[in-house]
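Containing CSV, C-alpha atoms: run_11.csv.
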chain,number,residue,atom,x,y,z
A,1,MET,CA,0.0,0.0,0.0
A,2,SER,CA,1.4,3.4,-1.0
A,3,PHE,CA,1.6,6.6,1.0
A,4,GLY,CA,-1.5,8.0,-0.8
A,5,GLN,CA,-3.5,4.8,-0.2
A,6,ARG,CA,-2.6,4.8,3.5
A,7,LEU,CA,-3.5,8.5,3.7
A,8,ARG,CA,-6.9,7.9,2.1
A,9,THR,CA,-7.5,4.8,4.3
A,10,ARG,CA,-6.7,6.6,7.5
A,11,ARG,CA,-8.7,9.7,6.5
A,12,LYS,CA,-11.8,7.5,5.9
A,13,GLU,CA,-11.2,5.6,9.2
A,14,LEU,CA,-11.5,8.9,11.0
A,15,GLY,CA,-14.5,10.0,9.0
A,16,ILE,CA,-12.8,13.1,7.6
A,17,SER,CA,-13.7,14.3,4.1
A,18,GLN,CA,-11.1,15.5,1.6
A,19,GLY,CA,-12.5,19.1,2.1
A,20,GLU,CA,-12.2,18.9,5.9
A,21,LEU,CA,-8.6,17.5,5.6
A,22,ALA,CA,-7.7,20.3,3.1
A,23,LYS,CA,-9.0,22.9,5.6
A,24,ALA,CA,-7.1,21.4,8.5
A,25,LEU,CA,-3.8,21.3,6.4
A,26,GLY,CA,-4.3,24.8,4.9
A,27,VAL,CA,-4.2,23.5,1.4
A,28,SER,CA,-6.7,23.2,-1.5
A,29,LEU,CA,-9.1,20.3,-2.1
A,30,SER,CA,-7.3,19.4,-5.3
A,31,ALA,CA,-4.0,19.2,-3.4
A,32,VAL,CA,-5.4,16.6,-1.0
A,33,SER,CA,-6.7,14.6,-4.0
A,34,ASN,CA,-3.2,14.8,-5.6
A,35,TYR,CA,-1.6,13.6,-2.3
A,36,GLU,CA,-3.9,10.6,-2.3
A,37,THR,CA,-3.2,9.7,-5.9
A,38,GLY,CA,0.5,10.2,-5.5
A,39,HIS,CA,0.7,13.0,-8.1
A,40,ASN,CA,2.1,15.5,-5.7
A,41,ALA,CA,4.5,15.4,-2.7
A,42,MET,CA,3.8,17.3,0.5
A,43,ARG,CA,5.9,20.1,1.8
A,44,GLU,CA,7.6,19.5,5.2
A,45,ASP,CA,5.2,21.9,7.1
A,46,VAL,CA,2.1,20.2,5.6
A,47,LEU,CA,3.5,16.7,6.5
A,48,LEU,CA,4.0,17.7,10.1
A,49,ARG,CA,0.4,19.0,10.3
A,50,LEU,CA,-0.9,15.8,8.6
A,51,PHE,CA,0.7,13.5,11.2
A,52,SER,CA,-1.1,15.5,13.9
A,53,VAL,CA,-4.5,15.6,12.2
A,54,LEU,CA,-4.5,11.9,11.4
A,55,ASP,CA,-2.9,11.1,14.8
A,56,VAL,CA,-0.4,8.7,13.3
A,57,ASP,CA,3.3,8.0,13.6
A,58,PRO,CA,5.2,9.2,10.4
A,59,ASN,CA,6.2,5.6,9.7
A,60,TYR,CA,2.6,4.4,9.3
A,61,LEU,CA,2.1,6.4,6.1
A,62,TYR,CA,5.5,5.4,4.7
A,63,GLN,CA,5.5,1.8,5.8
A,64,ASP,CA,5.9,0.2,2.4
A,65,ASP,CA,8.6,2.8,1.4
A,66,PHE,CA,10.7,1.9,4.5
A,67,GLU,CA,10.2,-1.8,4.4
A,68,ASN,CA,13.5,-3.7,4.1
A,69,LYS,CA,12.7,-6.5,1.7
A,70,GLY,CA,16.0,-8.2,2.0
A,71,PRO,CA,17.7,-10.5,-0.5
A,72,ALA,CA,15.7,-13.2,-2.4
A,73,CYS,CA,15.9,-16.8,-1.1
A,74,GLY,CA,17.9,-19.3,-3.1
A,75,PRO,CA,16.6,-22.8,-3.9
A,76,GLU,CA,18.2,-24.4,-0.9
A,77,GLU,CA,16.9,-21.7,1.4
A,78,LEU,CA,13.4,-22.1,0.0
A,79,GLN,CA,13.6,-25.9,0.5
A,80,LEU,CA,14.5,-25.4,4.2
A,81,LEU,CA,11.8,-22.8,4.6
A,82,ASN,CA,9.2,-25.1,3.2
A,83,LYS,CA,10.3,-27.9,5.6
A,84,TYR,CA,10.2,-25.5,8.5
A,85,ARG,CA,6.6,-24.6,7.6
A,86,GLU,CA,5.6,-28.3,7.7
A,87,LEU,CA,6.7,-28.6,11.3
A,88,ASP,CA,4.4,-28.1,14.3
A,89,THR,CA,5.2,-25.6,17.1
A,90,GLY,CA,7.4,-28.0,19.0
A,91,GLY,CA,9.3,-28.9,15.9
A,92,ARG,CA,9.9,-25.3,15.0
A,93,GLN,CA,11.2,-24.5,18.5
A,94,ALA,CA,13.6,-27.5,18.3
A,95,LEU,CA,14.9,-26.4,14.9
A,96,GLN,CA,15.3,-22.8,16.2
A,97,ALA,CA,17.3,-24.1,19.1
A,98,VAL,CA,19.6,-26.2,16.9
A,99,ALA,CA,20.1,-23.2,14.5
A,100,ASP,CA,21.0,-20.9,17.4
A,101,ALA,CA,23.5,-23.5,18.8
A,102,LEU,CA,25.1,-23.9,15.4
A,103,CYS,CA,25.4,-20.1,14.9
A,104,ALA,CA,27.0,-19.7,18.3
A,105,CYS,CA,29.5,-22.5,17.5
A,106,GLN,CA,30.3,-20.9,14.2
A,107,SER,CA,31.0,-17.6,15.9
A,108,ASP,CA,33.4,-19.3,18.3
A,109,TRP,CA,35.1,-21.1,15.5
A,110,GLN,CA,35.5,-18.0,13.5
A,111,ALA,CA,36.9,-16.0,16.5
A,112,ALA,CA,39.4,-18.8,17.2
A,113,ALA,CA,40.5,-18.9,13.6
A,114,ALA,CA,40.8,-15.2,13.1
A,115,PRO,CA,44.4,-13.8,13.1
A,116,ALA,CA,45.4,-11.5,15.9
A,117,GLU,CA,44.9,-7.9,14.9
A,118,GLU,CA,47.4,-5.2,15.4
A,119,THR,CA,46.8,-2.8,18.2
A,120,ARG,CA,45.3,0.4,17.0
A,121,GLN,CA,43.7,3.5,18.4
A,122,ILE,CA,40.6,5.6,17.4
A,123,PRO,CA,39.6,9.1,18.5
A,124,LEU,CA,36.9,9.4,21.2
A,125,TYR,CA,35.3,12.9,20.8
A,126,ARG,CA,34.9,14.5,24.2
A,127,SER,CA,32.3,17.0,23.0
A,128,PRO,CA,29.0,15.0,22.9
A,129,ALA,CA,27.0,14.5,19.7
A,130,ALA,CA,23.6,15.0,21.4
A,131,ALA,CA,20.7,12.7,21.2
A,132,GLY,CA,18.9,16.0,21.5
A,133,TYR,CA,21.0,19.0,20.5
A,134,ALA,CA,24.6,20.1,21.0
A,135,ALA,CA,27.4,22.2,19.5
A,136,PRO,CA,29.2,20.8,16.4
A,137,VAL,CA,32.1,18.4,17.1
A,138,PHE,CA,34.7,16.6,15.1
A,139,GLY,CA,37.5,19.1,15.6
A,140,SER,CA,40.6,18.5,17.7
A,141,ASP,CA,38.7,17.9,20.9
A,142,PHE,CA,39.2,14.1,21.4
A,143,ASP,CA,41.1,11.4,23.2
A,144,LEU,CA,42.7,8.4,21.6
A,145,ILE,CA,41.4,5.1,22.9
A,146,ASP,CA,42.7,1.6,22.3
A,147,VAL,CA,40.6,-0.7,20.1
A,148,THR,CA,39.9,-3.8,22.2
A,149,GLY,CA,37.5,-6.7,21.7
A,150,ALA,CA,34.7,-4.6,23.0
A,151,VAL,CA,34.9,-2.2,20.1
A,152,PRO,CA,33.0,-3.3,16.9
A,153,ARG,CA,35.2,-4.2,14.0
A,154,GLY,CA,35.4,-1.4,11.5
A,155,ALA,CA,35.0,1.4,14.1
A,156,GLU,CA,36.8,4.6,12.9
A,157,PHE,CA,35.9,6.9,15.8
A,158,ALA,CA,33.7,7.1,18.9
A,159,VAL,CA,31.3,9.7,20.3
A,160,ARG,CA,29.8,10.1,23.8
A,161,ILE,CA,26.0,10.6,23.5
A,162,GLN,CA,24.1,13.1,25.6
A,163,GLY,CA,20.3,13.0,25.9
A,164,ASP,CA,17.6,10.4,26.2
A,165,SER,CA,16.0,10.5,22.8
A,166,MET,CA,17.8,7.3,21.6
A,167,GLU,CA,17.0,5.3,24.7
A,168,PRO,CA,16.8,2.4,25.5
A,169,VAL,CA,19.1,1.4,22.7
A,170,ILE,CA,21.6,4.2,23.3
A,171,ALA,CA,21.6,5.4,26.9
A,172,ASP,CA,22.4,9.0,28.0
A,173,GLY,CA,26.2,9.2,28.5
A,174,SER,CA,27.1,6.1,26.6
A,175,ILE,CA,29.8,5.8,24.0
A,176,VAL,CA,28.9,4.8,20.4
A,177,TYR,CA,31.3,3.6,17.8
A,178,VAL,CA,31.0,4.9,14.3
A,179,ASN,CA,32.4,4.3,10.8
A,180,ARG,CA,32.0,6.3,7.6
A,181,ASP,CA,30.1,3.8,5.6
A,182,PRO,CA,27.0,5.2,3.6
A,183,LEU,CA,23.7,4.9,5.5
A,184,SER,CA,20.7,2.8,4.5
A,185,ASN,CA,17.2,3.2,5.7
A,186,GLY,CA,17.0,2.2,9.4
A,187,ASP,CA,20.6,2.9,10.2
A,188,VAL,CA,21.5,5.1,13.1
A,189,GLY,CA,24.0,7.9,12.3
A,190,ILE,CA,25.7,11.0,13.6
A,191,PHE,CA,24.4,14.1,11.8
A,192,CYS,CA,24.9,17.9,11.7
A,193,VAL,CA,21.6,19.6,10.9
A,194,ASP,CA,21.9,23.4,10.6
A,195,GLY,CA,24.8,23.3,13.0
A,196,ASP,CA,23.2,21.1,15.6
A,197,MET,CA,24.7,17.7,16.2
A,198,LEU,CA,22.3,14.8,16.4
A,199,CYS,CA,22.4,11.0,16.9
A,200,LYS,CA,19.2,9.7,15.0
A,201,GLN,CA,17.8,6.9,13.0
A,202,TYR,CA,17.9,7.7,9.3
A,203,VAL,CA,15.2,7.1,6.7
A,204,ARG,CA,14.9,8.6,3.2
A,205,ASP,CA,11.7,7.9,1.3
A,206,ARG,CA,11.0,7.8,-2.5
A,207,LEU,CA,10.0,11.4,-2.6
A,208,GLY,CA,13.3,12.6,-1.2
A,209,MET,CA,12.0,13.3,2.3
A,210,VAL,CA,14.6,12.7,5.0
A,211,TYR,CA,13.5,11.6,8.5
A,212,LEU,CA,15.8,11.6,11.5
A,213,PHE,CA,13.9,9.6,14.1
A,214,SER,CA,14.3,9.3,17.9
A,215,LEU,CA,14.3,5.7,19.0
A,216,ASN,CA,12.6,6.8,22.2
A,217,ARG,CA,9.1,7.6,20.9
A,218,ASP,CA,8.3,9.6,24.1
A,219,ARG,CA,10.8,12.1,22.6
A,220,ALA,CA,9.2,12.2,19.1
A,221,ASP,CA,9.4,16.0,19.6
A,222,ALA,CA,13.1,15.7,18.8
A,223,ASP,CA,12.5,14.1,15.4
A,224,VAL,CA,13.7,16.0,12.3
A,225,VAL,CA,12.0,16.1,8.9
A,226,LEU,CA,13.9,17.5,6.0
A,227,GLY,CA,12.2,18.0,2.6
A,228,PRO,CA,14.2,18.1,-0.7
A,229,ASP,CA,13.5,21.9,-1.0
A,230,SER,CA,13.7,22.7,2.7
A,231,GLY,CA,16.9,24.7,2.3
A,232,ARG,CA,18.3,23.3,5.5
A,233,SER,CA,21.8,21.8,5.8
A,234,LEU,CA,22.4,18.1,6.5
A,235,VAL,CA,25.8,16.5,6.9
A,236,CYS,CA,26.2,12.9,7.9
A,237,PHE,CA,29.5,12.1,9.8
A,238,GLY,CA,29.0,8.3,9.9
A,239,ARG,CA,27.0,5.2,10.8
A,240,VAL,CA,26.7,4.1,14.4
A,241,LEU,CA,27.7,0.4,14.7
A,242,LEU,CA,25.1,-1.5,16.6
A,243,GLU,CA,24.8,-5.2,17.4
A,244,LYS,CA,21.7,-5.7,15.3
A,245,ARG,CA,19.6,-3.8,12.7
A,246,LEU,CA,16.8,-1.8,14.3
A,247,LYS,CA,13.2,-1.6,13.2
A,248,ILE,CA,12.0,1.9,12.2
A,249,PRO,CA,9.9,3.3,15.1
A,250,GLY,CA,6.2,2.4,14.9
A,251,PHE,CA,6.7,-1.0,13.3

Using structure tokens, write down the structure from this file.
Amino acid sequence: MSFGQRLRTRRKELGISQGELAKALGVSLSAVSNYETGHNAMREDVLLRLFSVLDVDPNYLYQDDFENKGPACGPEELQLLNKYRELDTGGRQALQAVADALCACQSDWQAAAAPAEETRQIPLYRSPAAAGYAAPVFGSDFDLIDVTGAVPRGAEFAVRIQGDSMEPVIADGSIVYVNRDPLSNGDVGIFCVDGDMLCKQYVRDRLGMVYLFSLNRDRADADVVLGPDSGRSLVCFGRVLLEKRLKIPGF
């Protein structure tokens, strides 16, 4: 279901006519019709009003745009998947336990076989990249720290986070490790928006809208929405290395 289809469905669920929605958003009736058919994209200020009027999280309207489809299954994977589906609940749980044990063993084998890495250091920036807002960092204000086994492989620098908008995944005062790989939808990154440093979850939709989400949805007030014609500056300093890929808030 597309953005326009979800918009129309939610509007009808609330019993709101196109004319009533147009009045609430401060746009014309034809504009609402074009939003629902996908012919026009909304401006940033209209989008923010829309989320409030429809009482939905931004991700609800863009769910299909943000969905991570993942790679297609090969023949062997499909065969295993079909066998899994034939099992009852007990069989599925047993198979999951075996798979978990094999993955754990493989990790141990790989760790034992991996050659010893040379000792190296990365900068830990003392000025916090805020999970709310802070002054720009990435100058000379840093300490060099040794890269140990606790540091994710590929980390190029570290930043101490300030604020609660990324909790519980990233706690206030914790250190995150970052590399400079390009970001994909759902990644957490370190950004500079109009001079303010942010640690946020990144999403870019098909219309060129950029969303910087707080993982703590009680701090949705700290979200940032940037339209392709907003005129605001956005610089990404890198991708935060996390143990697992996160779902976009609201899913």

Residue with smallest distance to A:Leu21 - pool A:Asn179, A:Ser52, A:Gln5, A:Gln96, counting only C-alpha atoms: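 Of A:Asn179, A:Ser52, A:Gln5, A:Gln96, the one nearest A:Leu21 is A:Ser52, counting only C-alpha atoms.
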
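Nearest residue to A:Arg239 among A:Arg206, A:Lys200, A:Lys23, A:Arg49 is A:Lys200, counting only C-alpha atoms.
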
For the interface of stretch 18-45 of chain A with stretch 211-229 of chain A (cut-off 10 Å, counting all atoms listed in the file), please tabulate each contacting residue of stretch 18-45 of chain A alongside its nearest pair of atoms and their separation in Å to one decimal, rows sorted by chain and increasing number, as CSV.
residue,atom,partner,partner_atom,distance
A:Ala41,CA,A:Gly227,CA,9.7
A:Met42,CA,A:Gly227,CA,8.7
A:Arg43,CA,A:Gly227,CA,6.7
A:Glu44,CA,A:Gly227,CA,5.5
A:Asp45,CA,A:Val225,CA,9.1

d(atom CA of A:Val178, atom CA of A:Leu241) in Å: 5.6 Å

A:Leu183, A:Val235, A:Ala171, A:Val240 ranked by distance to A:Phe157, top pick (using all atoms listed in the file): A:Val240

Nearest residue to A:Leu25 from the set A:Leu87, A:Leu50, A:Val188, A:Cys103 (distances using only C-alpha atoms):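 Using only C-alpha atoms, the shortest distance to A:Leu25 belongs to A:Leu50.
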
Counting all atoms listed in the file, the option among A:Val169, A:Leu207, A:Met197, A:Cys192 closest to A:Arg245: A:Val169

Selected residue of minimal separation from A:Cys199 among A:Gly154, A:Gly19, A:Gly163, A:Gly90, counting all atoms listed in the file: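 The answer is A:Gly163, which sits nearest to A:Cys199.
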
Since the input is missing atoms for stretch 154-166 of chain A, could you rebuild it with N, CA, C and O atoms and give the result as a PDB file, keeping the file's coordinate frame?
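Wrote it out as selection07.pdb, contents follow:
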ATOM      1  N   GLY A 154      35.723  -2.396  12.507  1.00  0.00           N
ATOM      2  CA  GLY A 154      35.400  -1.400  11.500  1.00  0.00           C
ATOM      3  C   GLY A 154      35.195   0.001  12.093  1.00  0.00           C
ATOM      4  O   GLY A 154      35.028   0.966  11.350  1.00  0.00           O
ATOM      5  N   ALA A 155      35.181   0.127  13.441  1.00  0.00           N
ATOM      6  CA  ALA A 155      35.000   1.400  14.100  1.00  0.00           C
ATOM      7  C   ALA A 155      36.113   2.370  13.705  1.00  0.00           C
ATOM      8  O   ALA A 155      37.284   2.002  13.792  1.00  0.00           O
ATOM      9  N   GLU A 156      35.769   3.593  13.303  1.00  0.00           N
ATOM     10  CA  GLU A 156      36.800   4.600  12.900  1.00  0.00           C
ATOM     11  C   GLU A 156      36.898   5.698  13.956  1.00  0.00           C
ATOM     12  O   GLU A 156      37.931   6.349  14.030  1.00  0.00           O
ATOM     13  N   PHE A 157      35.833   5.948  14.713  1.00  0.00           N
ATOM     14  CA  PHE A 157      35.900   6.900  15.800  1.00  0.00           C
ATOM     15  C   PHE A 157      34.744   6.611  16.765  1.00  0.00           C
ATOM     16  O   PHE A 157      33.866   5.784  16.469  1.00  0.00           O
ATOM     17  N   ALA A 158      34.755   7.269  17.921  1.00  0.00           N
ATOM     18  CA  ALA A 158      33.700   7.100  18.900  1.00  0.00           C
ATOM     19  C   ALA A 158      33.202   8.424  19.394  1.00  0.00           C
ATOM     20  O   ALA A 158      33.915   9.434  19.335  1.00  0.00           O
ATOM     21  N   VAL A 159      31.968   8.440  19.853  1.00  0.00           N
ATOM     22  CA  VAL A 159      31.300   9.700  20.300  1.00  0.00           C
ATOM     23  C   VAL A 159      30.544   9.352  21.588  1.00  0.00           C
ATOM     24  O   VAL A 159      29.871   8.323  21.660  1.00  0.00           O
ATOM     25  N   ARG A 160      30.637  10.248  22.563  1.00  0.00           N
ATOM     26  CA  ARG A 160      29.800  10.100  23.800  1.00  0.00           C
ATOM     27  C   ARG A 160      28.499  10.795  23.584  1.00  0.00           C
ATOM     28  O   ARG A 160      28.454  11.980  23.256  1.00  0.00           O
ATOM     29  N   ILE A 161      27.394  10.069  23.788  1.00  0.00           N
ATOM     30  CA  ILE A 161      26.000  10.600  23.500  1.00  0.00           C
ATOM     31  C   ILE A 161      25.482  11.294  24.748  1.00  0.00           C
ATOM     32  O   ILE A 161      25.689  10.869  25.880  1.00  0.00           O
ATOM     33  N   GLN A 162      24.772  12.350  24.491  1.00  0.00           N
ATOM     34  CA  GLN A 162      24.100  13.100  25.600  1.00  0.00           C
ATOM     35  C   GLN A 162      22.625  13.235  25.224  1.00  0.00           C
ATOM     36  O   GLN A 162      22.265  13.652  24.121  1.00  0.00           O
ATOM     37  N   GLY A 163      21.764  12.887  26.152  1.00  0.00           N
ATOM     38  CA  GLY A 163      20.300  13.000  25.900  1.00  0.00           C
ATOM     39  C   GLY A 163      19.638  11.665  25.960  1.00  0.00           C
ATOM     40  O   GLY A 163      20.276  10.621  25.881  1.00  0.00           O
ATOM     41  N   ASP A 164      18.311  11.663  26.063  1.00  0.00           N
ATOM     42  CA  ASP A 164      17.600  10.400  26.200  1.00  0.00           C
ATOM     43  C   ASP A 164      16.720  10.052  25.018  1.00  0.00           C
ATOM     44  O   ASP A 164      15.950   9.106  25.073  1.00  0.00           O
ATOM     45  N   SER A 165      16.861  10.763  23.908  1.00  0.00           N
ATOM     46  CA  SER A 165      16.000  10.500  22.800  1.00  0.00           C
ATOM     47  C   SER A 165      16.279   9.225  22.029  1.00  0.00           C
ATOM     48  O   SER A 165      15.500   8.807  21.180  1.00  0.00           O
ATOM     49  N   MET A 166      17.432   8.585  22.324  1.00  0.00           N
ATOM     50  CA  MET A 166      17.800   7.300  21.600  1.00  0.00           C
ATOM     51  C   MET A 166      17.684   6.137  22.609  1.00  0.00           C
ATOM     52  O   MET A 166      18.094   5.029  22.266  1.00  0.00           O
TER      53      MET A 166
END
